[in-house]
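Shown next: work-v1.txt, given as compact mmCIF, C-alpha atoms.
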```
# COMPACT_ATOMS: atom_id res chain seq x y z
CA MET A 1188 -15.97 17.55 -11.69
CA LYS A 1189 -14.67 15.80 -8.58
CA PRO A 1190 -11.56 13.67 -8.99
CA VAL A 1191 -11.60 9.92 -8.51
CA ARG A 1192 -9.86 9.37 -5.19
CA ILE A 1193 -8.20 5.97 -4.90
CA CYS A 1194 -7.02 4.92 -1.44
CA LEU A 1195 -4.70 1.95 -1.59
CA TRP A 1196 -4.64 -0.03 1.65
CA SER A 1197 -1.59 -2.26 1.37
CA GLY A 1198 0.51 -4.47 3.56
CA PRO A 1199 4.29 -3.85 3.56
CA ARG A 1200 6.44 -5.31 0.77
CA ASN A 1201 3.37 -5.85 -1.42
CA ILE A 1202 4.64 -4.01 -4.58
CA SER A 1203 2.59 -1.00 -3.46
CA THR A 1204 5.36 1.37 -4.59
CA SER A 1205 5.29 -0.14 -8.07
CA LEU A 1206 1.53 0.33 -8.17
CA MET A 1207 1.99 3.96 -7.12
CA TYR A 1208 4.55 4.46 -9.90
CA SER A 1209 2.10 2.86 -12.32
CA PHE A 1210 -0.67 5.35 -11.53
CA ALA A 1211 1.85 8.22 -11.61
CA GLN A 1212 2.18 7.58 -15.36
CA LEU A 1213 -1.35 8.87 -15.92
CA SER A 1214 -1.13 12.49 -17.07
CA ASN A 1215 -4.19 13.51 -15.05
CA CYS A 1216 -3.19 11.75 -11.81
CA GLN A 1217 -1.43 12.89 -8.65
CA VAL A 1218 0.03 10.26 -6.31
CA VAL A 1219 0.85 10.63 -2.61
CA ASP A 1220 3.20 8.28 -0.77
CA GLU A 1221 2.02 7.03 2.67
CA PRO A 1222 0.57 10.28 4.03
CA LEU A 1223 -0.43 8.57 7.31
CA TYR A 1224 3.07 7.31 8.15
CA ALA A 1225 3.90 10.03 10.72
CA HIS A 1226 0.45 9.65 12.30
CA TYR A 1227 1.13 5.92 12.70
CA LEU A 1228 4.61 6.46 14.17
CA ALA A 1229 3.16 8.91 16.68
CA GLN A 1230 0.96 6.10 18.04
CA LEU A 1231 3.93 3.84 18.80
CA SER A 1232 6.11 3.59 21.88
CA GLU A 1233 9.67 4.93 21.56
CA ASP A 1234 11.06 1.39 21.33
CA GLU A 1235 8.61 0.41 18.59
CA ARG A 1236 9.23 3.63 16.70
CA ALA A 1237 12.99 3.12 16.80
CA ARG A 1238 12.61 -0.02 14.68
CA HIS A 1239 11.47 2.11 11.72
CA PRO A 1240 14.27 3.61 9.61
CA ALA A 1241 14.26 7.44 9.61
CA ALA A 1242 11.38 7.58 12.10
CA ASP A 1243 12.46 10.90 13.64
CA GLU A 1244 12.95 12.46 10.20
CA ILE A 1245 9.54 11.22 9.05
CA MET A 1246 7.80 12.63 12.11
CA ALA A 1247 9.58 15.97 11.80
CA SER A 1248 8.73 16.41 8.12
CA MET A 1249 5.15 15.08 7.91
CA GLU A 1250 1.78 15.88 9.47
CA GLN A 1251 1.24 13.71 12.54
CA ASP A 1252 -2.41 14.61 13.06
CA GLY A 1253 -4.36 11.91 11.24
CA THR A 1254 -7.49 14.06 11.04
CA LYS A 1255 -5.58 16.76 9.16
CA VAL A 1256 -4.12 14.12 6.83
CA VAL A 1257 -7.61 12.84 5.99
CA ASP A 1258 -8.72 16.44 5.40
CA MET A 1259 -5.84 16.78 2.94
CA MET A 1260 -6.72 13.53 1.18
CA THR A 1261 -10.34 14.60 0.76
CA GLY A 1262 -9.54 18.26 0.00
CA ASP A 1263 -8.98 20.30 -3.16
CA PHE A 1264 -6.19 19.32 -5.53
CA GLY A 1265 -7.11 21.66 -8.40
CA GLU A 1266 -9.32 21.25 -11.43
CA SER A 1267 -6.63 19.65 -13.60
CA THR A 1268 -6.36 16.60 -11.32
CA GLU A 1269 -8.87 13.96 -12.39
CA VAL A 1270 -7.39 11.04 -10.44
CA LEU A 1271 -5.78 10.95 -6.99
CA PHE A 1272 -3.88 7.89 -5.78
CA PHE A 1273 -2.99 7.67 -2.10
CA LYS A 1274 -0.63 4.82 -1.27
CA ASN A 1275 -1.36 3.83 2.34
CA MET A 1276 -0.35 1.01 4.65
CA THR A 1277 -3.38 -0.57 6.32
CA HIS A 1278 -1.63 -0.78 9.69
CA HIS A 1279 -1.23 3.03 9.63
CA LEU A 1280 -4.97 3.43 10.35
CA PRO A 1281 -5.23 3.25 14.19
CA GLY A 1282 -7.13 6.25 15.53
CA ILE A 1283 -8.43 7.33 12.12
CA ASP A 1284 -12.12 8.15 11.59
CA ARG A 1285 -12.96 5.91 8.64
CA ARG A 1286 -16.17 7.56 7.49
CA PHE A 1287 -14.34 9.20 4.58
CA MET A 1288 -13.87 5.74 3.04
CA LYS A 1289 -17.48 5.84 1.81
CA ASP A 1290 -16.48 8.60 -0.61
CA VAL A 1291 -13.30 7.09 -2.08
CA VAL A 1292 -12.33 4.02 -4.10
CA ASN A 1293 -10.79 1.58 -1.62
CA VAL A 1294 -8.21 -0.87 -2.95
CA ILE A 1295 -6.75 -3.61 -0.76
CA LEU A 1296 -3.39 -4.99 -1.89
CA THR A 1297 -2.14 -8.23 -0.36
CA ARG A 1298 0.70 -10.69 -0.87
CA ASP A 1299 1.45 -14.27 0.14
CA PRO A 1300 3.27 -14.07 3.50
CA GLU A 1301 5.70 -16.77 2.39
CA ASN A 1302 7.11 -14.17 0.00
CA MET A 1303 6.42 -11.02 2.01
CA LEU A 1304 7.79 -11.92 5.46
CA PRO A 1305 11.42 -12.68 4.49
CA SER A 1306 11.55 -9.42 2.52
CA TYR A 1307 10.13 -7.38 5.40
CA ASP A 1308 12.44 -9.02 7.94
CA LYS A 1309 15.45 -7.67 6.04
CA VAL A 1310 14.51 -4.11 7.09
CA ILE A 1311 12.53 -4.57 10.31
CA LYS A 1312 13.83 -7.58 12.19
CA ASN A 1313 11.49 -10.08 13.84
CA PRO A 1314 8.23 -8.43 12.80
CA SER A 1315 5.01 -9.01 14.72
CA LEU A 1316 1.55 -9.74 13.31
CA SER A 1317 0.57 -6.08 13.70
CA ASP A 1318 3.59 -5.08 11.57
CA THR A 1319 2.44 -7.22 8.66
CA GLY A 1320 -0.99 -5.68 8.07
CA TYR A 1321 -2.86 -8.97 7.56
CA ASP A 1322 -4.91 -8.55 10.73
CA ALA A 1323 -5.55 -4.91 9.82
CA HIS A 1324 -6.80 -6.01 6.40
CA ILE A 1325 -9.29 -8.41 7.97
CA GLU A 1326 -10.48 -5.68 10.35
CA LEU A 1327 -10.86 -3.28 7.42
CA LEU A 1328 -12.78 -5.83 5.35
CA ASP A 1329 -15.14 -6.37 8.29
CA TYR A 1330 -15.66 -2.60 8.51
CA PHE A 1331 -16.39 -2.37 4.77
CA ASN A 1332 -18.90 -5.20 5.04
CA GLN A 1333 -20.60 -3.50 7.98
CA GLU A 1334 -20.82 -0.16 6.15
CA GLY A 1335 -21.81 -1.54 2.74
CA ILE A 1336 -18.52 -0.49 1.10
CA THR A 1337 -17.24 -2.68 -1.73
CA PRO A 1338 -13.43 -2.64 -1.94
CA ILE A 1339 -11.30 -3.77 -4.87
CA VAL A 1340 -9.00 -6.54 -3.66
CA VAL A 1341 -5.78 -7.27 -5.55
CA ASP A 1342 -3.11 -9.91 -4.97
CA SER A 1343 0.36 -8.68 -5.90
CA LYS A 1344 1.18 -12.00 -7.56
CA SER A 1345 -1.63 -11.52 -10.09
CA ILE A 1346 -0.19 -8.13 -11.08
CA GLN A 1347 3.23 -9.67 -11.53
CA GLU A 1348 1.80 -12.47 -13.65
CA ASP A 1349 -0.43 -10.32 -15.88
CA ALA A 1350 -0.16 -6.62 -15.07
CA GLU A 1351 -2.22 -5.38 -17.99
CA ARG A 1352 -5.21 -7.61 -17.22
CA VAL A 1353 -5.29 -6.70 -13.54
CA LEU A 1354 -4.71 -2.99 -14.11
CA ARG A 1355 -7.43 -2.86 -16.75
CA GLU A 1356 -9.87 -4.50 -14.33
CA LEU A 1357 -8.76 -2.28 -11.46
CA CYS A 1358 -9.21 0.85 -13.56
CA LYS A 1359 -12.61 -0.36 -14.81
CA ARG A 1360 -13.88 -0.85 -11.27
CA ALA A 1361 -12.40 2.46 -10.13
CA GLU A 1362 -13.93 4.21 -13.17
CA VAL A 1363 -10.52 5.38 -14.38
CA VAL A 1364 -9.41 5.12 -18.01
CA PHE A 1365 -6.60 2.58 -18.33
CA ASP A 1366 -3.51 3.73 -20.22
CA SER A 1367 -0.80 1.34 -21.40
CA ALA A 1368 1.70 3.90 -20.06
CA MET A 1369 0.87 2.46 -16.62
CA LEU A 1370 2.94 -0.62 -17.46
CA LYS A 1371 6.30 1.19 -17.68
CA TRP A 1372 8.23 3.93 -15.89
CA GLU A 1373 11.74 5.33 -15.77
CA ALA A 1374 14.23 3.70 -13.41
CA GLY A 1375 15.48 5.63 -10.41
CA PRO A 1376 14.02 7.65 -7.50
CA LYS A 1377 10.79 9.57 -8.08
CA LYS A 1378 9.70 13.01 -6.91
CA GLU A 1379 6.72 11.39 -5.18
CA ASP A 1380 8.88 9.09 -3.02
CA GLY A 1381 8.66 9.40 0.74
CA ILE A 1382 11.88 10.18 2.58
CA TRP A 1383 12.03 6.53 3.65
CA ALA A 1384 12.61 5.45 0.04
CA LYS A 1385 16.36 4.87 0.48
CA TYR A 1386 15.58 2.14 3.02
CA TRP A 1387 12.70 0.42 1.24
CA TYR A 1388 12.64 1.20 -2.51
CA SER A 1389 16.04 0.14 -3.86
CA SER A 1390 14.75 -2.76 -5.97
CA THR A 1391 11.79 -0.73 -7.20
CA HIS A 1392 14.15 2.08 -8.23
CA ASP A 1393 15.99 -0.48 -10.36
CA SER A 1394 12.76 -1.40 -12.13
CA THR A 1395 11.11 -0.01 -15.24
CA GLY A 1396 7.89 -1.97 -14.78
CA PHE A 1397 6.34 -4.67 -12.63
CA PHE A 1398 8.76 -7.50 -11.84
CA LYS A 1399 7.53 -10.86 -13.10
CA PHE A 1400 6.65 -13.30 -10.34
CA THR A 1401 9.34 -15.89 -9.62
CA PRO A 1402 9.04 -18.47 -6.83
CA LYS A 1403 11.48 -17.97 -3.96
CA LYS A 1404 14.40 -20.41 -4.05
CA ALA A 1405 15.75 -19.63 -0.60
CA THR A 1406 14.58 -21.67 2.38
CA PHE A 1407 11.95 -19.85 4.42
CA PRO A 1408 13.59 -18.42 7.59
CA GLN A 1409 12.84 -20.70 10.53
CA HIS A 1410 12.45 -17.84 13.01
CA LEU A 1411 9.54 -16.47 10.94
CA THR A 1412 7.59 -19.73 10.85
CA PRO A 1413 5.36 -18.97 13.89
CA LEU A 1414 4.40 -15.63 12.31
CA LEU A 1415 3.76 -17.32 8.97
CA LEU A 1416 1.30 -19.68 10.64
CA GLN A 1417 -0.58 -16.63 11.98
CA CYS A 1418 -0.56 -14.76 8.69
CA LYS A 1419 -1.38 -17.56 6.25
CA PRO A 1420 -5.08 -18.10 7.13
CA LEU A 1421 -5.67 -14.32 7.16
CA TYR A 1422 -4.05 -13.98 3.75
CA LYS A 1423 -6.18 -16.79 2.34
CA ARG A 1424 -9.36 -15.00 3.49
CA ILE A 1425 -8.24 -11.83 1.73
CA GLN A 1426 -6.94 -13.60 -1.38
CA LYS A 1427 -10.31 -15.25 -2.05
CA LEU A 1428 -11.75 -11.81 -2.80
CA ALA A 1429 -9.03 -10.78 -5.25
CA ILE A 1430 -9.83 -9.81 -8.85
```

Rewritten as structure tokens:
Amino acid sequence: MKPVRICLWSGPRNISTSLMYSFAQLSNCQVVDEPLYAHYLAQLSEDERARHPAADEIMASMEQDGTKVVDMMTGDFGESTEVLFFKNMTHHLPGIDRRFMKDVVNVILTRDPENMLPSYDKVIKNPSLSDTGYDAHIELLDYFNQEGITPIVVDSKSIQEDAERVLRELCKRAEVVFDSAMLKWEAGPKKEDGIWAKYWYSSTHDSTGFFKFTPKKATFPQHLTPLLLQCKPLYKRIQKLAI
């Protein structure tokens, strides 16, 4: 029996790590953290790459050939693995042959840029539209429509507001059996974490489940307003498709 292969296509700071931890609670599931990260970094200029924490370490320790990464994702993981969950960033896809997406469950995870952008800016200063993944999500949705692929679209806020409902629906559409264990996990680093975890996952490591959504009280950073105006209409197009 072939495993169910779930490819999460997320934007940054979209609670994708929490969703990965959630699926890791399934006894028959293996999760893989951003396998295309080194491939993506290899496409960047030296100046662009330098903006990413631990870029040299990531490239030295991971496969940079995107074709080989896809071969791994679609390869053999052993008979005991019934579910595979690959956490990916959508903007890591440049140069990737997407035909394999017809044979996997594609999940798009998005988040309101008013909440995402200030969080992202704390690690990578003055991000561009291509850093955010919103344009990549629209491009991917257009590809899915062209190829007759139906993705599962999830808004991170809906998970934070009612994790059980959204996870049950996600599992139903992915043809995976929901387990209430997916709602909780142990605090601290996880064996599945990428080596970039110390820069990005601190709040998630403090968690034992999905954080409840709370509106931001801080004033939105003025320097991010032009980018917000670019991202907002793209997000709204994606959000309309969310479960």

Near Ile1283 (chain A), within 7 Å and counting only C-alpha atoms, which residues show up once chain neighbours fewer than 3 positions away are dropped, as a compact mmCIF listing (two decimals) with C-alpha atoms, in the coordinates of the input?
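File produced: result_19.txt:
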```txt
# COMPACT_ATOMS: atom_id res chain seq x y z
CA GLY A 1253 -4.36 11.91 11.24
CA THR A 1254 -7.49 14.06 11.04
CA LEU A 1280 -4.97 3.43 10.35
```

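What separates CA of Ala1361 (chain A) from CA of Ser1205 (chain A) is a distance of 18.0 Å.
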
Leaving out Gly1198 (chain A) and any residue of its chain fewer than 3 positions from it, which residues lie within 7 Å of it when counting only C-alpha atoms, given as an mmCIF file with C-alpha atoms, in the frame of the given file?
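Output contents, as saved in part.cif:
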```
data_model
loop_
_atom_site.group_PDB
_atom_site.id
_atom_site.type_symbol
_atom_site.label_atom_id
_atom_site.label_comp_id
_atom_site.auth_asym_id
_atom_site.auth_seq_id
_atom_site.Cartn_x
_atom_site.Cartn_y
_atom_site.Cartn_z
ATOM 1 C CA ASN A 1201 3.370 -5.850 -1.420
ATOM 2 C CA MET A 1276 -0.350 1.010 4.650
ATOM 3 C CA THR A 1277 -3.380 -0.570 6.320
ATOM 4 C CA LEU A 1296 -3.390 -4.990 -1.890
ATOM 5 C CA THR A 1297 -2.140 -8.230 -0.360
ATOM 6 C CA THR A 1319 2.440 -7.220 8.660
ATOM 7 C CA GLY A 1320 -0.990 -5.680 8.070
ATOM 8 C CA TYR A 1321 -2.860 -8.970 7.560
#
```

(request) Would you mind listing what lies within 10 Å of Leu1357 (chain A) as a list in words, with only C-alpha atoms counted and same-chain residues fewer than 4 positions away left out? (result) Val1294, Ile1339, Val1340, Val1341, Glu1351, Arg1352, Val1353, Ala1361, Glu1362, Val1363, Val1364, Phe1365 and Ile1430 of chain A

(message) Just checking: using all atoms listed in the file, which residue out of A:Asp1243, A:Pro1413, A:Glu1379, A:Cys1418 ends up closest to Ser1317 (chain A)?
(response) A:Cys1418

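A straight line drawn from CA of Cys1216 (chain A) to CA of Ser1203 (chain A) is 16.3 Å long.
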
(request) Would you list the residues near (-8.0, 5.9, -13.2), meaning any protein, DNA or RNA residue with an atom at most 10 Å from that point in file coordinates, counting only C-alpha atoms, as a VMD selection string? (result) chain A and resid 1190 to 1193 1210 1213 1215 to 1216 1269 to 1272 1354 to 1355 1357 to 1366

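Near His1226 (chain A), within 9 Å and counting all atoms listed in the file, sit Met1246, Met1249, Glu1250, Gln1251, Asp1252, Gly1253, Val1256, His1279, Leu1280, Pro1281 and Gly1282 of chain A; same-chain residues fewer than 5 positions away were not included.
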
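Taking only C-alpha atoms, the non-local environment of Lys1423 (chain A) within 12 Å (same-chain residues fewer than 4 positions away omitted) comprises Thr1297, Arg1298, Asp1299, Pro1300, Glu1301, Tyr1321, Asp1322, His1324, Ile1325, Asp1342, Leu1415, Leu1416, Gln1417, Cys1418, Lys1419, Lys1427, Leu1428 and Ala1429 of chain A.
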
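Going from CA of Asp1263 (chain A) to CA of Gln1217 (chain A) covers 11.9 Å.
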
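Considering the residues A:Lys1377, A:Lys1189, A:His1410, A:Arg1424 and counting only C-alpha atoms, Ser1394 (chain A) has its shortest atom-to-atom contact with A:Lys1377.
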
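If you measure from each of A:Met1207, A:Val1218, A:Ala1350, A:Leu1414 to Thr1268 (chain A) using only C-alpha atoms, the closest one turns out to be A:Val1218.
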
Box in all listed atoms of region 1337-1351 of chain A, axis-aligned, with 8 Å more on each side; write out centre and edge lengths in Å to one decimal as AutoDock Vina command-line options.
```
--center_x -7.0 --center_y -7.6 --center_z -9.9 --size_x 36.5 --size_y 25.8 --size_z 32.3
```

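The shortest atom-to-atom distance to Lys1404 (chain A), with all atoms listed in the file taken into account, belongs to A:Asn1302 out of A:Asp1308, A:Asn1302, A:Ser1209, A:Leu1223.
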
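The smallest atom-to-atom distance between Leu1231 (chain A) and any of A:His1278, A:Thr1406, A:Gln1347, A:Asp1290, using only C-alpha atoms, is found for A:His1278.
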
(request) Give the answer as one residue: which of A:Trp1383, A:Tyr1307, A:Phe1331, A:Tyr1227 has the shortest atom-to-atom distance to Ile1245 (chain A), using all atoms listed in the file? (result) A:Trp1383

Which residues, protein or nucleic acid, reach to within 7 Å of (-1.1, 5.4, -1.3) in the file's coordinates when using only C-alpha atoms, and can you give that as a JSON list (two decimals) with C-alpha atoms, in the frame of the given file?
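As a result, selection21.json now contains:
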```json
[["chain", "number", "residue", "atom", "x", "y", "z"],
["A", 1194, "CYS", "CA", -7.02, 4.92, -1.44],
["A", 1195, "LEU", "CA", -4.70, 1.95, -1.59],
["A", 1207, "MET", "CA", 1.99, 3.96, -7.12],
["A", 1219, "VAL", "CA", 0.85, 10.63, -2.61],
["A", 1220, "ASP", "CA", 3.20, 8.28, -0.77],
["A", 1221, "GLU", "CA", 2.02, 7.03, 2.67],
["A", 1272, "PHE", "CA", -3.88, 7.89, -5.78],
["A", 1273, "PHE", "CA", -2.99, 7.67, -2.10],
["A", 1274, "LYS", "CA", -0.63, 4.82, -1.27],
["A", 1275, "ASN", "CA", -1.36, 3.83, 2.34]]
```
